[in-house]
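Please read the structure below before turning to the comments.
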Amino acid sequence: MSAPILAAQRAADAATVRAARRRRTVRAGRVTGVLLVLVAAAFVVRVTLGDYTVTIPDTLRIIRGESIPGASFIVLESKLPRAVLAVLAGSALGVAGAVMQDLVRNPLGSPDILGLTGGASAAALFSMVVLGASGASVTGFAFAGAVVVAAVLVLLSQGAKGGEQALIIVGVGCAAMLVAVIHWVLLRADVYRLSEAMAWLSGSVARASWGEITRLAVLVPIVLAFTLVLHRELRLMLLGDDLAAGLGVPVRRTRALGMLAVVVLVAAVCAVCGPIAFVALLAGPIGRRLHAGRTRLVDIGLVGALMVLAADYIAAYLMPGGANLPVGVVTGLAGAPFLLWLIATRSRVEVR
């Protein structure tokens, strides 16, 4: 084949690749746009509808500082903080779960399964029930509990055969042990603390103060932005440690930073809301299914936010008997069958 013909063939191949990338980028942008619209719609529904309806113009006037008797209190003290906290907690848990799944190269390797959520929950619960702590100190205990579990995971899995699979087995063992610790703490609680602790352990966005939400609103975007920057190296690590190192990725540093981001996100959410079941586990697989197996953290965060917003509205207004339940009850009830459906319909492309 002559040189001009080869050059023409290469140019045609390059044009085909560029066209495929362009189509993929356009499709990804459309998916992100649809998710943004869905999250915005769910946020508006959560703030304006329910047992007390507030119109959108009145809601905007209240947010701008105007006082409307009755409506201002309901919007500013109940509906709006729950909606804001649901977005922050859902996006944080979704991204934390997806990063953890990429780190262990397993779609079931979420912070819930590996004990990080249990460590944060046990430490936060111990501080509240036994030490009588509240506010920022609970966040500190939750962070310390998650860090201890992460350190135990790394130490016990190092040198073990099986690599990431050994990490998962150690994590499952830690999670089971921490359940026993949580039960022990509950047995030490008095009646008032026990009721409060049980509501917190179910995962709730109903009781957070604006101070706690503000702290979360500052911390979560910073860590999410850091995770987005780190994600390119995390994606290369999916090829395997040796190949990633050959491509210039500092494997140990990247894994440590990824684990640190997961710990901070999980601990921050657990300290404010308690453990919200299945969001970290399911947001990643759902987001990857929308992108043919690719991990796009922005969309996974939006999926997590949408899950918590929808579950909180159902828990507040649509449960039989009119019971106002913690959001974790609904995510737990819906998450188990949804997980089974995801596993049953899983294709090879979703576990890349």
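Numbering starts fresh at 1 for the residues of each chain in the structure tokens, the chains themselves are lettered A, B, ... in the order given, and ligands are numbered from 1 as they appear.
Neighbours of range 216-222 of chain A closer than or equal to 7 Å, with only C-alpha atoms counted and sequence neighbours fewer than 5 positions away skipped, come out as Leu88, Ala92, Leu265 and Ala268 of chain A.
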Next on the checklist: Just want the 10 Å neighbourhood of range 284-297 of chain A, counted on only C-alpha atoms, with same-chain residues fewer than 2 positions away dropped. Output as a ChimeraX atom specification.
Outcome noted: /A:24,27-28,31-32,91,93-102,107-108,110,224,227-228,231,235,279-282,299-304,339,342-343,346-352
With N, CA and C atoms retained, could you export that selection as a short mmCIF file (atom, residue, chain, number, x, y, z; two decimals), in the first residue's frame?
```cif
data_model
loop_
_atom_site.label_atom_id
_atom_site.label_comp_id
_atom_site.auth_asym_id
_atom_site.auth_seq_id
_atom_site.Cartn_x
_atom_site.Cartn_y
_atom_site.Cartn_z
N ARG A 24 -19.65 10.38 22.60
CA ARG A 24 -19.66 9.97 24.00
C ARG A 24 -19.73 11.18 24.93
N ARG A 27 -23.27 12.61 24.82
CA ARG A 27 -24.19 11.76 25.57
C ARG A 27 -23.99 11.93 27.08
N ALA A 28 -22.71 11.99 27.50
CA ALA A 28 -22.43 12.18 28.94
C ALA A 28 -22.99 13.51 29.42
N VAL A 31 -26.73 13.17 29.92
CA VAL A 31 -27.05 12.44 31.15
C VAL A 31 -26.88 13.33 32.38
N THR A 32 -25.78 14.08 32.40
CA THR A 32 -25.55 15.00 33.52
C THR A 32 -26.65 16.05 33.60
N SER A 91 -24.87 13.18 47.91
CA SER A 91 -23.73 13.32 47.00
C SER A 91 -22.44 12.83 47.64
N LEU A 93 -22.06 10.54 50.09
CA LEU A 93 -22.07 9.08 50.22
C LEU A 93 -21.91 8.41 48.85
N GLY A 94 -22.57 8.97 47.83
CA GLY A 94 -22.45 8.38 46.49
C GLY A 94 -21.02 8.39 45.98
N VAL A 95 -20.36 9.55 46.11
CA VAL A 95 -18.97 9.67 45.64
C VAL A 95 -18.04 8.81 46.49
N ALA A 96 -18.25 8.80 47.82
CA ALA A 96 -17.40 7.97 48.69
C ALA A 96 -17.51 6.50 48.31
N GLY A 97 -18.73 6.04 48.05
CA GLY A 97 -18.91 4.64 47.67
C GLY A 97 -18.24 4.33 46.34
N ALA A 98 -18.38 5.24 45.36
CA ALA A 98 -17.78 4.98 44.04
C ALA A 98 -16.25 4.94 44.11
N VAL A 99 -15.67 5.87 44.89
CA VAL A 99 -14.20 5.88 45.03
C VAL A 99 -13.73 4.60 45.73
N MET A 100 -14.45 4.19 46.76
CA MET A 100 -14.06 2.96 47.47
C MET A 100 -14.17 1.75 46.55
N GLN A 101 -15.21 1.70 45.74
CA GLN A 101 -15.36 0.58 44.81
C GLN A 101 -14.24 0.56 43.78
N ASP A 102 -13.80 1.73 43.33
CA ASP A 102 -12.66 1.77 42.41
C ASP A 102 -11.37 1.36 43.10
N PRO A 107 -17.54 -3.86 42.84
CA PRO A 107 -18.75 -3.03 42.96
C PRO A 107 -19.45 -3.16 44.30
N LEU A 108 -19.08 -4.16 45.11
CA LEU A 108 -19.68 -4.30 46.43
C LEU A 108 -18.79 -3.71 47.53
N SER A 110 -18.25 -1.04 49.20
CA SER A 110 -18.65 0.29 49.67
C SER A 110 -18.22 0.48 51.12
N LEU A 224 -15.09 16.83 47.68
CA LEU A 224 -15.54 16.35 46.37
C LEU A 224 -14.66 16.92 45.26
N THR A 227 -11.50 15.05 45.25
CA THR A 227 -11.70 13.71 44.71
C THR A 227 -11.77 13.73 43.19
N LEU A 228 -12.41 14.76 42.63
CA LEU A 228 -12.48 14.88 41.18
C LEU A 228 -11.08 15.04 40.58
N HIS A 231 -9.34 11.71 40.65
CA HIS A 231 -10.01 10.58 40.01
C HIS A 231 -9.29 10.07 38.76
N ARG A 235 -8.66 6.14 38.16
CA ARG A 235 -9.11 5.37 37.00
C ARG A 235 -7.97 4.56 36.41
N VAL A 279 -27.00 3.96 50.13
CA VAL A 279 -26.72 5.03 49.19
C VAL A 279 -25.30 4.90 48.64
N ALA A 280 -24.32 4.72 49.53
CA ALA A 280 -22.93 4.57 49.08
C ALA A 280 -22.75 3.32 48.23
N LEU A 281 -23.51 2.29 48.51
CA LEU A 281 -23.37 1.03 47.78
C LEU A 281 -24.00 1.10 46.39
N LEU A 282 -25.15 1.77 46.27
CA LEU A 282 -25.92 1.69 45.03
C LEU A 282 -25.68 2.85 44.07
N ASP A 299 -21.86 12.62 38.14
CA ASP A 299 -23.18 12.00 37.97
C ASP A 299 -23.51 11.06 39.12
N ILE A 300 -22.51 10.37 39.65
CA ILE A 300 -22.75 9.48 40.79
C ILE A 300 -23.16 10.29 42.02
N GLY A 301 -22.53 11.45 42.20
CA GLY A 301 -22.95 12.33 43.29
C GLY A 301 -24.39 12.80 43.12
N LEU A 302 -24.77 13.12 41.87
CA LEU A 302 -26.16 13.53 41.61
C LEU A 302 -27.13 12.38 41.87
N VAL A 303 -26.72 11.16 41.49
CA VAL A 303 -27.58 10.00 41.76
C VAL A 303 -27.78 9.83 43.27
N GLY A 304 -26.70 9.96 44.04
CA GLY A 304 -26.82 9.85 45.49
C GLY A 304 -27.73 10.92 46.08
N LEU A 339 -30.73 -3.68 45.02
CA LEU A 339 -29.41 -4.28 44.88
C LEU A 339 -29.50 -5.64 44.20
N LEU A 342 -30.02 -5.10 40.55
CA LEU A 342 -28.79 -4.68 39.88
C LEU A 342 -27.87 -5.86 39.64
N ILE A 343 -27.75 -6.74 40.66
CA ILE A 343 -26.88 -7.91 40.50
C ILE A 343 -27.43 -8.85 39.44
N ARG A 346 -26.86 -7.39 35.99
CA ARG A 346 -25.52 -6.84 35.78
C ARG A 346 -24.91 -7.42 34.50
N SER A 347 -24.25 -6.55 33.76
CA SER A 347 -23.52 -7.01 32.57
C SER A 347 -22.04 -6.84 32.80
N ARG A 348 -21.23 -7.42 31.95
CA ARG A 348 -19.79 -7.35 32.15
C ARG A 348 -19.28 -5.93 32.09
N VAL A 349 -19.94 -5.07 31.32
CA VAL A 349 -19.42 -3.72 31.16
C VAL A 349 -19.52 -2.92 32.45
N GLU A 350 -20.42 -3.32 33.38
CA GLU A 350 -20.61 -2.54 34.59
C GLU A 350 -19.56 -2.81 35.64
N VAL A 351 -18.77 -3.83 35.49
CA VAL A 351 -17.77 -4.15 36.51
C VAL A 351 -16.36 -3.88 36.02
N ARG A 352 -16.23 -3.06 34.92
CA ARG A 352 -14.89 -2.75 34.46
C ARG A 352 -14.19 -1.83 35.43
#
```
Item to check | Long-range neighbours of range 184-193 of chain A as a ChimeraX atom specification, 12 Å cut-off, only C-alpha atoms, 4 positions minimum in chain | outcome: /A:121-133,177-180,197-201
Take the residues that were just selected and, keeping N, CA, C and O atoms, output them as a PDB file, in the first residue's frame.
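Everything below was put into selection-v3.pdb:
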```
ATOM      1  N   SER A 121     -19.944   5.366  62.858  1.00  0.00           N
ATOM      2  CA  SER A 121     -21.192   5.318  63.628  1.00  0.00           C
ATOM      3  C   SER A 121     -20.929   4.917  65.075  1.00  0.00           C
ATOM      4  O   SER A 121     -21.482   5.512  66.011  1.00  0.00           O
ATOM      5  N   ALA A 122     -20.104   3.876  65.269  1.00  0.00           N
ATOM      6  CA  ALA A 122     -19.832   3.402  66.622  1.00  0.00           C
ATOM      7  C   ALA A 122     -19.151   4.477  67.455  1.00  0.00           C
ATOM      8  O   ALA A 122     -19.513   4.706  68.626  1.00  0.00           O
ATOM      9  N   ALA A 123     -18.169   5.164  66.863  1.00  0.00           N
ATOM     10  CA  ALA A 123     -17.461   6.200  67.607  1.00  0.00           C
ATOM     11  C   ALA A 123     -18.374   7.395  67.912  1.00  0.00           C
ATOM     12  O   ALA A 123     -18.362   7.933  69.030  1.00  0.00           O
ATOM     13  N   ALA A 124     -19.172   7.809  66.918  1.00  0.00           N
ATOM     14  CA  ALA A 124     -20.087   8.928  67.154  1.00  0.00           C
ATOM     15  C   ALA A 124     -21.140   8.564  68.193  1.00  0.00           C
ATOM     16  O   ALA A 124     -21.467   9.374  69.074  1.00  0.00           O
ATOM     17  N   LEU A 125     -21.652   7.352  68.115  1.00  0.00           N
ATOM     18  CA  LEU A 125     -22.664   6.914  69.085  1.00  0.00           C
ATOM     19  C   LEU A 125     -22.076   6.830  70.487  1.00  0.00           C
ATOM     20  O   LEU A 125     -22.712   7.229  71.473  1.00  0.00           O
ATOM     21  N   PHE A 126     -20.849   6.326  70.603  1.00  0.00           N
ATOM     22  CA  PHE A 126     -20.176   6.258  71.904  1.00  0.00           C
ATOM     23  C   PHE A 126     -20.023   7.655  72.502  1.00  0.00           C
ATOM     24  O   PHE A 126     -20.263   7.862  73.701  1.00  0.00           O
ATOM     25  N   SER A 127     -19.636   8.615  71.644  1.00  0.00           N
ATOM     26  CA  SER A 127     -19.456   9.977  72.162  1.00  0.00           C
ATOM     27  C   SER A 127     -20.779  10.582  72.622  1.00  0.00           C
ATOM     28  O   SER A 127     -20.813  11.309  73.609  1.00  0.00           O
ATOM     29  N   MET A 128     -21.861  10.285  71.915  1.00  0.00           N
ATOM     30  CA  MET A 128     -23.161  10.867  72.278  1.00  0.00           C
ATOM     31  C   MET A 128     -23.760  10.207  73.511  1.00  0.00           C
ATOM     32  O   MET A 128     -24.262  10.866  74.414  1.00  0.00           O
ATOM     33  N   VAL A 129     -23.724   8.865  73.547  1.00  0.00           N
ATOM     34  CA  VAL A 129     -24.424   8.127  74.606  1.00  0.00           C
ATOM     35  C   VAL A 129     -23.600   8.067  75.887  1.00  0.00           C
ATOM     36  O   VAL A 129     -24.113   8.306  76.987  1.00  0.00           O
ATOM     37  N   VAL A 130     -22.335   7.745  75.765  1.00  0.00           N
ATOM     38  CA  VAL A 130     -21.499   7.537  76.947  1.00  0.00           C
ATOM     39  C   VAL A 130     -20.868   8.840  77.433  1.00  0.00           C
ATOM     40  O   VAL A 130     -20.845   9.125  78.643  1.00  0.00           O
ATOM     41  N   LEU A 131     -20.364   9.652  76.505  1.00  0.00           N
ATOM     42  CA  LEU A 131     -19.654  10.870  76.894  1.00  0.00           C
ATOM     43  C   LEU A 131     -20.529  12.110  76.877  1.00  0.00           C
ATOM     44  O   LEU A 131     -20.092  13.169  77.339  1.00  0.00           O
ATOM     45  N   GLY A 132     -21.747  11.992  76.319  1.00  0.00           N
ATOM     46  CA  GLY A 132     -22.647  13.147  76.279  1.00  0.00           C
ATOM     47  C   GLY A 132     -22.185  14.240  75.335  1.00  0.00           C
ATOM     48  O   GLY A 132     -22.530  15.409  75.524  1.00  0.00           O
ATOM     49  N   ALA A 133     -21.417  13.898  74.302  1.00  0.00           N
ATOM     50  CA  ALA A 133     -20.901  14.900  73.366  1.00  0.00           C
ATOM     51  C   ALA A 133     -21.991  15.344  72.394  1.00  0.00           C
ATOM     52  O   ALA A 133     -23.015  14.681  72.225  1.00  0.00           O
ATOM     53  N   MET A 177     -17.955  -6.882  63.613  1.00  0.00           N
ATOM     54  CA  MET A 177     -17.521  -6.584  64.974  1.00  0.00           C
ATOM     55  C   MET A 177     -18.085  -5.248  65.454  1.00  0.00           C
ATOM     56  O   MET A 177     -18.506  -5.104  66.612  1.00  0.00           O
ATOM     57  N   LEU A 178     -18.131  -4.262  64.553  1.00  0.00           N
ATOM     58  CA  LEU A 178     -18.628  -2.942  64.943  1.00  0.00           C
ATOM     59  C   LEU A 178     -20.127  -2.949  65.215  1.00  0.00           C
ATOM     60  O   LEU A 178     -20.613  -2.142  66.020  1.00  0.00           O
ATOM     61  N   VAL A 179     -20.855  -3.831  64.570  1.00  0.00           N
ATOM     62  CA  VAL A 179     -22.278  -3.970  64.897  1.00  0.00           C
ATOM     63  C   VAL A 179     -22.435  -4.391  66.366  1.00  0.00           C
ATOM     64  O   VAL A 179     -23.291  -3.877  67.098  1.00  0.00           O
ATOM     65  N   ALA A 180     -21.566  -5.317  66.796  1.00  0.00           N
ATOM     66  CA  ALA A 180     -21.605  -5.738  68.198  1.00  0.00           C
ATOM     67  C   ALA A 180     -21.251  -4.576  69.134  1.00  0.00           C
ATOM     68  O   ALA A 180     -21.855  -4.420  70.207  1.00  0.00           O
ATOM     69  N   ALA A 197     -30.684   7.739  70.162  1.00  0.00           N
ATOM     70  CA  ALA A 197     -29.643   6.999  69.454  1.00  0.00           C
ATOM     71  C   ALA A 197     -30.236   6.112  68.357  1.00  0.00           C
ATOM     72  O   ALA A 197     -29.663   5.989  67.270  1.00  0.00           O
ATOM     73  N   MET A 198     -31.379   5.484  68.632  1.00  0.00           N
ATOM     74  CA  MET A 198     -32.000   4.613  67.636  1.00  0.00           C
ATOM     75  C   MET A 198     -32.441   5.417  66.410  1.00  0.00           C
ATOM     76  O   MET A 198     -32.296   4.960  65.267  1.00  0.00           O
ATOM     77  N   ALA A 199     -32.991   6.621  66.641  1.00  0.00           N
ATOM     78  CA  ALA A 199     -33.385   7.476  65.517  1.00  0.00           C
ATOM     79  C   ALA A 199     -32.162   7.876  64.700  1.00  0.00           C
ATOM     80  O   ALA A 199     -32.190   7.881  63.462  1.00  0.00           O
ATOM     81  N   TRP A 200     -31.058   8.193  65.401  1.00  0.00           N
ATOM     82  CA  TRP A 200     -29.835   8.581  64.703  1.00  0.00           C
ATOM     83  C   TRP A 200     -29.258   7.398  63.919  1.00  0.00           C
ATOM     84  O   TRP A 200     -28.811   7.553  62.774  1.00  0.00           O
ATOM     85  N   LEU A 201     -29.287   6.197  64.522  1.00  0.00           N
ATOM     86  CA  LEU A 201     -28.723   5.026  63.839  1.00  0.00           C
ATOM     87  C   LEU A 201     -29.514   4.639  62.600  1.00  0.00           C
ATOM     88  O   LEU A 201     -29.001   3.940  61.728  1.00  0.00           O
TER      89      LEU A 201
END
```
Checklist entry - What separation in Å, quoted to one decimal, exists between CA of Val263 in chain A and CA of Ala146 in chain A? => result 5.8 Å
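Computed from the coordinates, the CA of Leu35 in chain A to CA of Ala86 in chain A distance equals 15.3 Å.
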Next on the checklist: Can you tell me, as a count of residues only, which residues in range 126-326 of chain A count as helix (DSSP H, G or I) by DSSP?
Outcome noted: 156
Item to check | Ile68 in chain A surroundings by only C-alpha atoms, 9 Å radius, close-in-sequence under 6 positions cut, as JSON, numbers by chain | outcome: {"A": [58, 61, 62]}
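Between CA of Asp51 in chain A and CA of Trp210 in chain A there is a distance of 21.9 Å.
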Checklist entry - Which is closer to Leu80 in chain A than all the others in A:Gly145, A:Leu116, A:Ala208, A:Val262, using only C-alpha atoms? => result A:Ala208
Residues of range 19-116 of chain A at most 12 Å from range 327-337 of chain A: nearest atom pair and distance in Å, only C-alpha atoms, as JSON lines:
```
{"residue": "A:Arg82", "atom": "CA", "partner": "A:Val327", "partner_atom": "CA", "distance": 10.2}
{"residue": "A:Ala83", "atom": "CA", "partner": "A:Val327", "partner_atom": "CA", "distance": 11.5}
{"residue": "A:Leu85", "atom": "CA", "partner": "A:Val327", "partner_atom": "CA", "distance": 11.4}
{"residue": "A:Ala86", "atom": "CA", "partner": "A:Val327", "partner_atom": "CA", "distance": 9.1}
{"residue": "A:Ala89", "atom": "CA", "partner": "A:Val327", "partner_atom": "CA", "distance": 11.3}
{"residue": "A:Gly90", "atom": "CA", "partner": "A:Val327", "partner_atom": "CA", "distance": 11.0}
```
Output file for the selection above: N, CA and C atoms, as an mmCIF file, in the first residue's frame:
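That gives us result-v7.cif:
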```cif
data_model
loop_
_atom_site.group_PDB
_atom_site.id
_atom_site.type_symbol
_atom_site.label_atom_id
_atom_site.label_comp_id
_atom_site.auth_asym_id
_atom_site.auth_seq_id
_atom_site.Cartn_x
_atom_site.Cartn_y
_atom_site.Cartn_z
ATOM 1 N N ARG A 82 -33.802 20.098 55.597
ATOM 2 C CA ARG A 82 -33.825 18.677 55.234
ATOM 3 C C ARG A 82 -33.427 18.474 53.778
ATOM 4 N N ALA A 83 -33.909 19.355 52.891
ATOM 5 C CA ALA A 83 -33.572 19.206 51.473
ATOM 6 C C ALA A 83 -32.090 19.469 51.221
ATOM 7 N N LEU A 85 -29.623 19.220 53.387
ATOM 8 C CA LEU A 85 -28.830 18.145 53.983
ATOM 9 C C LEU A 85 -28.928 16.865 53.155
ATOM 10 N N ALA A 86 -30.092 16.590 52.576
ATOM 11 C CA ALA A 86 -30.241 15.402 51.737
ATOM 12 C C ALA A 86 -29.326 15.467 50.521
ATOM 13 N N ALA A 89 -25.597 15.056 51.900
ATOM 14 C CA ALA A 89 -25.310 13.701 52.365
ATOM 15 C C ALA A 89 -25.348 12.698 51.219
ATOM 16 N N GLY A 90 -26.339 12.818 50.332
ATOM 17 C CA GLY A 90 -26.440 11.868 49.222
ATOM 18 C C GLY A 90 -25.262 11.957 48.282
#
```
For Ala144 in chain A, list every protein, DNA or RNA residue within 9 Å, evaluated using only C-alpha atoms, and leave out those in the same chain fewer than 3 positions away; present the list as a tab-separated table (two decimals) with all heavy atoms, in the first residue's frame.
```tsv
chain	number	residue	atom	x	y	z
A	119	GLY	N	-17.49	2.09	61.73
A	119	GLY	CA	-16.53	2.71	62.63
A	119	GLY	C	-16.92	4.13	62.99
A	119	GLY	O	-16.85	4.53	64.17
A	120	ALA	N	-17.34	4.91	61.97
A	120	ALA	CA	-17.77	6.27	62.25
A	120	ALA	C	-19.02	6.28	63.13
A	120	ALA	O	-19.13	7.08	64.07
A	120	ALA	CB	-18.06	7.00	60.93
A	123	ALA	N	-18.17	5.16	66.86
A	123	ALA	CA	-17.46	6.20	67.61
A	123	ALA	C	-18.37	7.40	67.91
A	123	ALA	O	-18.36	7.93	69.03
A	123	ALA	CB	-16.24	6.67	66.81
A	139	THR	N	-18.49	14.99	65.34
A	139	THR	CA	-17.82	14.86	64.04
A	139	THR	C	-16.39	14.36	64.22
A	139	THR	O	-15.91	13.50	63.47
A	139	THR	CB	-17.81	16.20	63.31
A	139	THR	OG1	-19.15	16.70	63.22
A	139	THR	CG2	-17.23	16.07	61.92
A	140	GLY	N	-15.71	14.89	65.23
A	140	GLY	CA	-14.34	14.45	65.50
A	140	GLY	C	-14.27	12.98	65.86
A	140	GLY	O	-13.40	12.25	65.39
A	141	PHE	N	-15.20	12.52	66.72
A	141	PHE	CA	-15.22	11.11	67.08
A	141	PHE	C	-15.53	10.24	65.86
A	141	PHE	O	-14.94	9.16	65.68
A	141	PHE	CB	-16.25	10.87	68.18
A	141	PHE	CG	-15.72	11.09	69.57
A	141	PHE	CD1	-15.87	12.30	70.21
A	141	PHE	CD2	-15.04	10.07	70.23
A	141	PHE	CE1	-15.37	12.51	71.48
A	141	PHE	CE2	-14.52	10.26	71.51
A	141	PHE	CZ	-14.70	11.50	72.14
A	147	VAL	N	-11.16	6.59	60.68
A	147	VAL	CA	-9.71	6.50	60.46
A	147	VAL	C	-9.16	5.21	61.07
A	147	VAL	O	-8.33	4.52	60.46
A	147	VAL	CB	-9.00	7.74	61.05
A	147	VAL	CG1	-7.49	7.52	61.09
A	147	VAL	CG2	-9.32	8.97	60.22
A	148	VAL	N	-9.60	4.88	62.29
A	148	VAL	CA	-9.12	3.66	62.94
A	148	VAL	C	-9.49	2.43	62.11
A	148	VAL	O	-8.65	1.54	61.88
A	148	VAL	CB	-9.71	3.55	64.36
A	148	VAL	CG1	-9.44	2.16	64.96
A	148	VAL	CG2	-9.12	4.62	65.26
A	149	VAL	N	-10.71	2.38	61.63
A	149	VAL	CA	-11.12	1.22	60.81
A	149	VAL	C	-10.30	1.18	59.52
A	149	VAL	O	-9.86	0.09	59.09
A	149	VAL	CB	-12.63	1.30	60.50
A	149	VAL	CG1	-13.02	0.22	59.51
A	149	VAL	CG2	-13.44	1.14	61.77
A	267	ALA	N	-17.34	9.98	57.42
A	267	ALA	CA	-17.39	10.44	58.81
A	267	ALA	C	-18.22	11.71	58.95
A	267	ALA	O	-19.01	11.85	59.90
A	267	ALA	CB	-15.97	10.67	59.33
```
